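The structure file entry07.cif is reproduced below (mmCIF, C-alpha atoms).
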data_entry
loop_
_atom_site.label_atom_id
_atom_site.label_comp_id
_atom_site.auth_asym_id
_atom_site.auth_seq_id
_atom_site.Cartn_x
_atom_site.Cartn_y
_atom_site.Cartn_z
CA MET A 23 7.42 -26.70 -38.98
CA PRO A 24 10.66 -24.73 -38.49
CA SER A 25 10.99 -23.04 -35.10
CA THR A 26 11.34 -19.56 -36.65
CA LEU A 27 8.02 -19.98 -38.46
CA ARG A 28 6.37 -21.26 -35.25
CA ALA A 29 7.75 -18.27 -33.34
CA LYS A 30 6.47 -15.89 -36.01
CA GLN A 31 3.00 -17.46 -35.94
CA ARG A 32 2.93 -17.32 -32.16
CA GLU A 33 3.85 -13.63 -32.22
CA GLU A 34 1.13 -12.94 -34.82
CA THR A 35 -1.42 -14.78 -32.66
CA ARG A 36 -0.30 -12.85 -29.59
CA ARG A 37 -0.58 -9.54 -31.45
CA ALA A 38 -4.06 -10.44 -32.73
CA LEU A 39 -5.22 -11.45 -29.24
CA LEU A 40 -3.93 -8.18 -27.78
CA HIS A 41 -5.61 -6.14 -30.52
CA THR A 42 -8.98 -7.89 -30.14
CA SER A 43 -8.85 -7.90 -26.34
CA ARG A 44 -7.98 -4.24 -26.22
CA ARG A 45 -10.96 -3.39 -28.43
CA LEU A 46 -13.34 -5.53 -26.36
CA PHE A 47 -12.03 -4.40 -22.96
CA ALA A 48 -12.31 -0.76 -24.06
CA ALA A 49 -15.85 -1.19 -25.37
CA LYS A 50 -17.35 -3.38 -22.65
CA GLY A 51 -15.01 -3.38 -19.67
CA TYR A 52 -12.96 -6.25 -18.31
CA GLY A 53 -15.79 -7.87 -16.35
CA ALA A 54 -18.15 -8.08 -19.32
CA VAL A 55 -15.69 -9.79 -21.69
CA GLY A 56 -15.23 -13.56 -21.59
CA LEU A 57 -12.38 -15.61 -23.02
CA SER A 58 -14.81 -17.34 -25.41
CA GLU A 59 -15.72 -13.97 -26.92
CA ILE A 60 -12.06 -13.02 -27.26
CA VAL A 61 -11.02 -16.21 -29.04
CA ALA A 62 -14.09 -16.14 -31.31
CA ALA A 63 -13.48 -12.51 -32.30
CA THR A 64 -9.78 -13.21 -32.87
CA GLY A 65 -10.41 -16.40 -34.83
CA VAL A 66 -8.17 -18.62 -32.68
CA THR A 67 -8.70 -21.49 -30.29
CA LYS A 68 -8.66 -21.30 -26.50
CA GLY A 69 -5.51 -23.42 -26.68
CA ALA A 70 -3.81 -20.72 -28.75
CA LEU A 71 -4.85 -18.12 -26.18
CA TYR A 72 -3.51 -20.20 -23.28
CA HIS A 73 -0.31 -20.81 -25.21
CA ASN A 74 0.28 -17.03 -25.04
CA PHE A 75 -1.48 -16.00 -21.81
CA ASP A 76 -2.22 -18.20 -18.81
CA SER A 77 -5.39 -16.31 -17.83
CA LYS A 78 -7.74 -13.49 -18.74
CA ALA A 79 -5.99 -11.36 -16.10
CA ALA A 80 -2.61 -12.02 -17.76
CA LEU A 81 -4.07 -10.98 -21.11
CA PHE A 82 -5.48 -7.80 -19.56
CA ARG A 83 -2.13 -7.09 -17.89
CA ALA A 84 -0.45 -7.21 -21.31
CA VAL A 85 -3.11 -4.91 -22.81
CA LEU A 86 -2.75 -2.47 -19.93
CA GLY A 87 1.03 -2.53 -20.26
CA GLN A 88 0.67 -1.72 -23.95
CA VAL A 89 -1.72 1.18 -23.22
CA GLN A 90 0.50 2.61 -20.47
CA GLN A 91 3.56 2.35 -22.69
CA GLU A 92 1.75 4.23 -25.47
CA VAL A 93 0.67 6.97 -23.04
CA GLY A 94 4.26 7.23 -21.80
CA GLU A 95 5.52 7.50 -25.40
CA ARG A 96 3.03 10.28 -26.17
CA ILE A 97 4.15 12.18 -23.08
CA ALA A 98 7.81 11.76 -24.01
CA ALA A 99 7.15 12.90 -27.59
CA ALA A 100 5.24 16.00 -26.45
CA ALA A 101 8.02 16.87 -24.00
CA ALA A 102 10.75 16.30 -26.58
CA ALA A 103 9.11 18.83 -28.90
CA GLN A 104 9.74 21.59 -26.34
CA SER A 105 12.96 23.57 -26.03
CA ASP A 106 13.37 23.83 -22.25
CA ALA A 107 12.81 21.62 -19.22
CA TRP A 108 9.90 23.65 -17.80
CA SER A 109 7.97 23.60 -21.09
CA GLN A 110 8.70 19.88 -21.33
CA LEU A 111 7.13 19.26 -17.91
CA VAL A 112 4.05 21.32 -18.74
CA ALA A 113 3.61 19.72 -22.18
CA GLY A 114 4.03 16.24 -20.72
CA CYS A 115 1.44 16.85 -18.00
CA GLU A 116 -1.02 18.40 -20.47
CA THR A 117 -0.54 15.47 -22.85
CA PHE A 118 -1.24 12.99 -20.06
CA LEU A 119 -4.54 14.67 -19.25
CA THR A 120 -5.55 15.08 -22.89
CA THR A 121 -4.62 11.48 -23.74
CA CYS A 122 -6.61 10.20 -20.78
CA THR A 123 -9.80 11.77 -22.12
CA ALA A 124 -9.91 9.02 -24.76
CA PRO A 125 -12.58 6.52 -23.59
CA GLU A 126 -10.35 3.52 -24.43
CA ILE A 127 -7.53 4.87 -22.25
CA GLN A 128 -9.90 5.77 -19.41
CA ARG A 129 -11.57 2.39 -19.28
CA ILE A 130 -8.44 0.23 -19.56
CA MET A 131 -5.85 2.31 -17.73
CA LEU A 132 -7.77 4.23 -15.09
CA VAL A 133 -10.93 2.27 -14.33
CA ASP A 134 -10.25 -1.43 -14.92
CA GLY A 135 -6.46 -1.34 -14.44
CA PRO A 136 -6.39 -0.77 -10.67
CA ALA A 137 -9.54 -2.85 -10.14
CA VAL A 138 -8.31 -5.92 -12.04
CA LEU A 139 -4.62 -5.95 -11.12
CA GLY A 140 -4.77 -4.32 -7.72
CA TRP A 141 -3.31 -0.98 -6.73
CA HIS A 142 0.29 -2.14 -6.20
CA GLU A 143 0.69 -3.87 -9.56
CA TRP A 144 -1.09 -1.02 -11.36
CA ARG A 145 1.27 1.50 -9.72
CA ALA A 146 4.30 -0.56 -10.76
CA LEU A 147 3.19 -0.38 -14.40
CA ASP A 148 2.52 3.36 -14.05
CA GLU A 149 5.97 3.83 -12.49
CA ALA A 150 7.59 2.18 -15.50
CA ASN A 151 5.87 4.55 -17.92
CA SER A 152 4.21 7.93 -17.19
CA ALA A 153 5.58 8.35 -13.66
CA ARG A 154 9.13 7.64 -14.85
CA HIS A 155 8.94 10.54 -17.32
CA LEU A 156 7.51 12.81 -14.62
CA ARG A 157 10.27 11.87 -12.16
CA GLU A 158 12.99 12.53 -14.75
CA ALA A 159 11.48 15.94 -15.61
CA LEU A 160 11.23 17.00 -11.96
CA HIS A 161 14.79 15.87 -11.24
CA LEU A 162 16.09 17.98 -14.14
CA LEU A 163 14.09 21.02 -13.00
CA VAL A 164 15.53 20.79 -9.49
CA GLU A 165 19.04 20.45 -10.95
CA GLU A 166 18.46 23.55 -13.11
CA GLY A 167 17.11 25.55 -10.16
CA VAL A 168 13.67 25.99 -11.73
CA LEU A 169 12.21 24.07 -8.80
CA ALA A 170 13.45 24.54 -5.27
CA PRO A 171 15.70 21.72 -3.99
CA GLN A 172 13.47 18.99 -2.56
CA PRO A 173 13.03 15.22 -2.48
CA ILE A 174 11.81 14.08 -5.90
CA GLU A 175 9.91 10.91 -4.91
CA PRO A 176 7.16 12.54 -2.82
CA LEU A 177 6.71 15.31 -5.38
CA THR A 178 6.44 12.76 -8.19
CA HIS A 179 3.79 10.80 -6.30
CA LEU A 180 1.83 13.92 -5.37
CA LEU A 181 1.72 15.22 -8.94
CA SER A 182 1.10 11.78 -10.44
CA GLY A 183 -1.75 11.17 -8.00
CA ALA A 184 -3.28 14.57 -8.71
CA MET A 185 -3.18 13.98 -12.46
CA ASN A 186 -4.56 10.44 -12.19
CA GLU A 187 -7.42 11.75 -10.04
CA ALA A 188 -8.06 14.60 -12.49
CA ALA A 189 -8.09 12.10 -15.37
CA LEU A 190 -10.62 9.93 -13.52
CA TRP A 191 -12.78 12.98 -12.90
CA LEU A 192 -12.56 13.96 -16.57
CA ALA A 193 -13.75 10.44 -17.44
CA SER A 194 -16.89 10.89 -15.33
CA THR A 195 -18.00 14.39 -16.30
CA ASP A 196 -19.86 15.63 -19.38
CA ASP A 197 -18.90 19.26 -18.77
CA PRO A 198 -17.51 20.48 -22.12
CA GLU A 199 -15.24 22.93 -20.28
CA ALA A 200 -13.79 20.30 -17.95
CA LEU A 201 -10.57 19.59 -19.86
CA ALA A 202 -9.76 23.28 -20.43
CA GLU A 203 -10.49 24.11 -16.78
CA THR A 204 -8.37 21.16 -15.60
CA VAL A 205 -5.43 22.26 -17.76
CA THR A 206 -5.74 25.80 -16.36
CA ALA A 207 -5.75 24.42 -12.80
CA LEU A 208 -2.73 22.27 -13.68
CA HIS A 209 -0.83 25.37 -14.87
CA ARG A 210 -1.59 27.14 -11.59
CA LEU A 211 -0.47 24.12 -9.60
CA LEU A 212 2.78 23.74 -11.53
CA ASN A 213 3.56 27.48 -11.45
CA ALA A 214 3.16 27.45 -7.68
CA LEU A 215 6.02 24.93 -7.50
CA ARG A 216 8.52 27.14 -9.31
CA ALA A 217 11.41 28.54 -7.32
CA ARG A 218 10.97 32.28 -6.71
CA SER A 219 14.16 33.09 -8.62
CA ALA A 220 13.18 30.98 -11.66
#
Exercise: express the given structure as structure tokens:
Amino acid sequence: MPSTLRAKQREETRRALLHTSRRLFAAKGYGAVGLSEIVAATGVTKGALYHNFDSKAALFRAVLGQVQQEVGERIAAAAAAQSDAWSQLVAGCETFLTTCTAPEIQRIMLVDGPAVLGWHEWRALDEANSARHLREALHLLVEEGVLAPQPIEPLTHLLSGAMNEAALWLASTDDPEALAETVTALHRLLNALRARSA
């Protein structure tokens, strides 16, 4: 079999494994899903799985990376639709919270992600996606004088932590007003950061 065909088949198998695993992890949680169930639902052998991922944790890491990248892309798209840096920050933060109300995102990214990979690895993935967009937005706002001059790293971590915690809370409440109230609180928090002259 030509190597290009083999590479194509491997990529198709990898994509199918990610798709199936994501569905199962979202529905049942990482701990309740076994490799046998994944390969059976995907229609591949365990050998094919191990050819692409060396463990269930490695497969989950790839699924989580995919989810975090998608969340980051949604944030970037929402921000890009706005005309000024402040509106971009607000739209990006709102989009993060709204996106995280999806049960699939909650389970994979916020509940199982830190538990399975550990806090440090989970943070590194977050840094590469959502937190990177937040840092860039805050840096621009300081440059434009909308936010008072200040170190960007601590502010990024404070806001990111607050939004992750709010997203976790939204995942655990059945209050129908929770999202709207959280977005209102977010607006107050962000407005309090604005420079007095802005």
Exercise. Near stretch 63-79 of chain A, counting all atoms listed in the file, which residues have an atom at most 7 Å away, once you skip same-chain residues fewer than 5 positions from it, shown as a list of chain:residue names?
Worked result: A:Arg36, A:Ala38, A:Leu39, A:Thr42, A:Leu57
Could you give me, as JSON lines, a per-residue list for stretch 81-135 of chain A showing, wherever an atom lies at most 12 Å from an atom of stretch 161-176 of chain A, the closest pair of atoms and their distance in Å to one decimal, using all atoms listed in the file and sorting by chain then residue number from low to high?
{"residue": "A:Asp106", "atom": "CA", "partner": "A:Leu163", "partner_atom": "CA", "distance": 9.7}
{"residue": "A:Ala107", "atom": "CA", "partner": "A:Leu163", "partner_atom": "CA", "distance": 6.4}
{"residue": "A:Trp108", "atom": "CA", "partner": "A:Leu163", "partner_atom": "CA", "distance": 6.9}
{"residue": "A:Ser109", "atom": "CA", "partner": "A:Leu163", "partner_atom": "CA", "distance": 10.5}
{"residue": "A:Gln110", "atom": "CA", "partner": "A:Leu163", "partner_atom": "CA", "distance": 10.0}
{"residue": "A:Leu111", "atom": "CA", "partner": "A:Leu163", "partner_atom": "CA", "distance": 8.7}
{"residue": "A:Val112", "atom": "CA", "partner": "A:Leu163", "partner_atom": "CA", "distance": 11.6}
For this session: List, as JSON, numbers by chain, every residue that the PyMOL selection byres ((chain A and resi 198-210) around 10) selects in the file provided.
Result: {"A": [112, 115, 116, 117, 119, 120, 123, 181, 184, 185, 188, 189, 191, 192, 193, 195, 196, 197, 211, 212, 213, 214, 215]}
For this session: Extract, using all atoms listed in the file, all DNA, RNA and protein residues at most 10 Å from A:Asp148, discarding same-chain residues fewer than 2 positions from it, and format them as a list in words.
Result: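 The neighbour list is Leu86, Gly87, Gln90, Gln91, Val93, Gly94, Met131, His142, Glu143, Trp144, Arg145, Ala146, Ala150, Asn151, Ser152, Ala153, Arg154 and Ser182 of chain A.
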For this session: For A:Arg96, please output as a PyMOL selection string all residues within 8 Å (counting all atoms listed in the file; exclusion window: fewer than 4 positions along the same chain).
Result: chain A and resi 92+100+117-118
Exercise. For A:Leu190, which residue out of A:Thr35, A:Ser58, A:Thr121, A:Ser105 is the nearest one, using only C-alpha atoms?
Worked result: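 Ranking A:Thr35, A:Ser58, A:Thr121, A:Ser105 by distance to A:Leu190, first place goes to A:Thr121.
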Exercise. In Å to one decimal, how far is atom CA of A:His179 from atom CA of A:Ala98?
Worked result: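 Those two atoms sit 18.2 Å apart.
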For this session: Would you mind reading off the distance between atom CA of A:Ser43 and atom CA of A:Glu95, one decimal, in Å?
Result: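 Result for atom CA of A:Ser43 versus atom CA of A:Glu95: 21.1 Å, one decimal.
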Problem set entry | Nearest candidate to A:Phe82 (options A:Ala29, A:Leu156, A:Ala102, A:Ala48; using only C-alpha atoms) |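 Between A:Ala29, A:Leu156, A:Ala102, A:Ala48, the residue approaching A:Phe82 most closely is A:Ala48.
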Seminar exercise, completed: Computed gap from atom CA of A:Cys122 to atom CA of A:Ser194 is 11.7 Å
If I wrap all listed atoms of stretch 23-31 of chain A in a box with edges along x, y and z and add 5 Å on each side, what are its centre and edge lengths in Å to one decimal, as lines of an AutoDock Vina configuration file?
center_x = 7.2
center_y = -21.3
center_z = -36.2
size_x = 18.3
size_y = 20.8
size_z = 15.6
For this session: Can you work out which one of A:Arg216, A:Lys50, A:Arg32, A:His155 has the shortest atom-to-atom distance to A:Ile97, counting only C-alpha atoms?
Result: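 Using only C-alpha atoms, the shortest distance to A:Ile97 belongs to A:His155.
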Exercise. Which neighbours of A:Ile130 fall inside 9 Å, counting only C-alpha atoms, when residues of the same chain fewer than 4 positions from it are skipped, and could you give them as a PyMOL selection string?
Worked result: chain A and resi 44+47-48+51-52+82+85-86+89+125-126+134-135
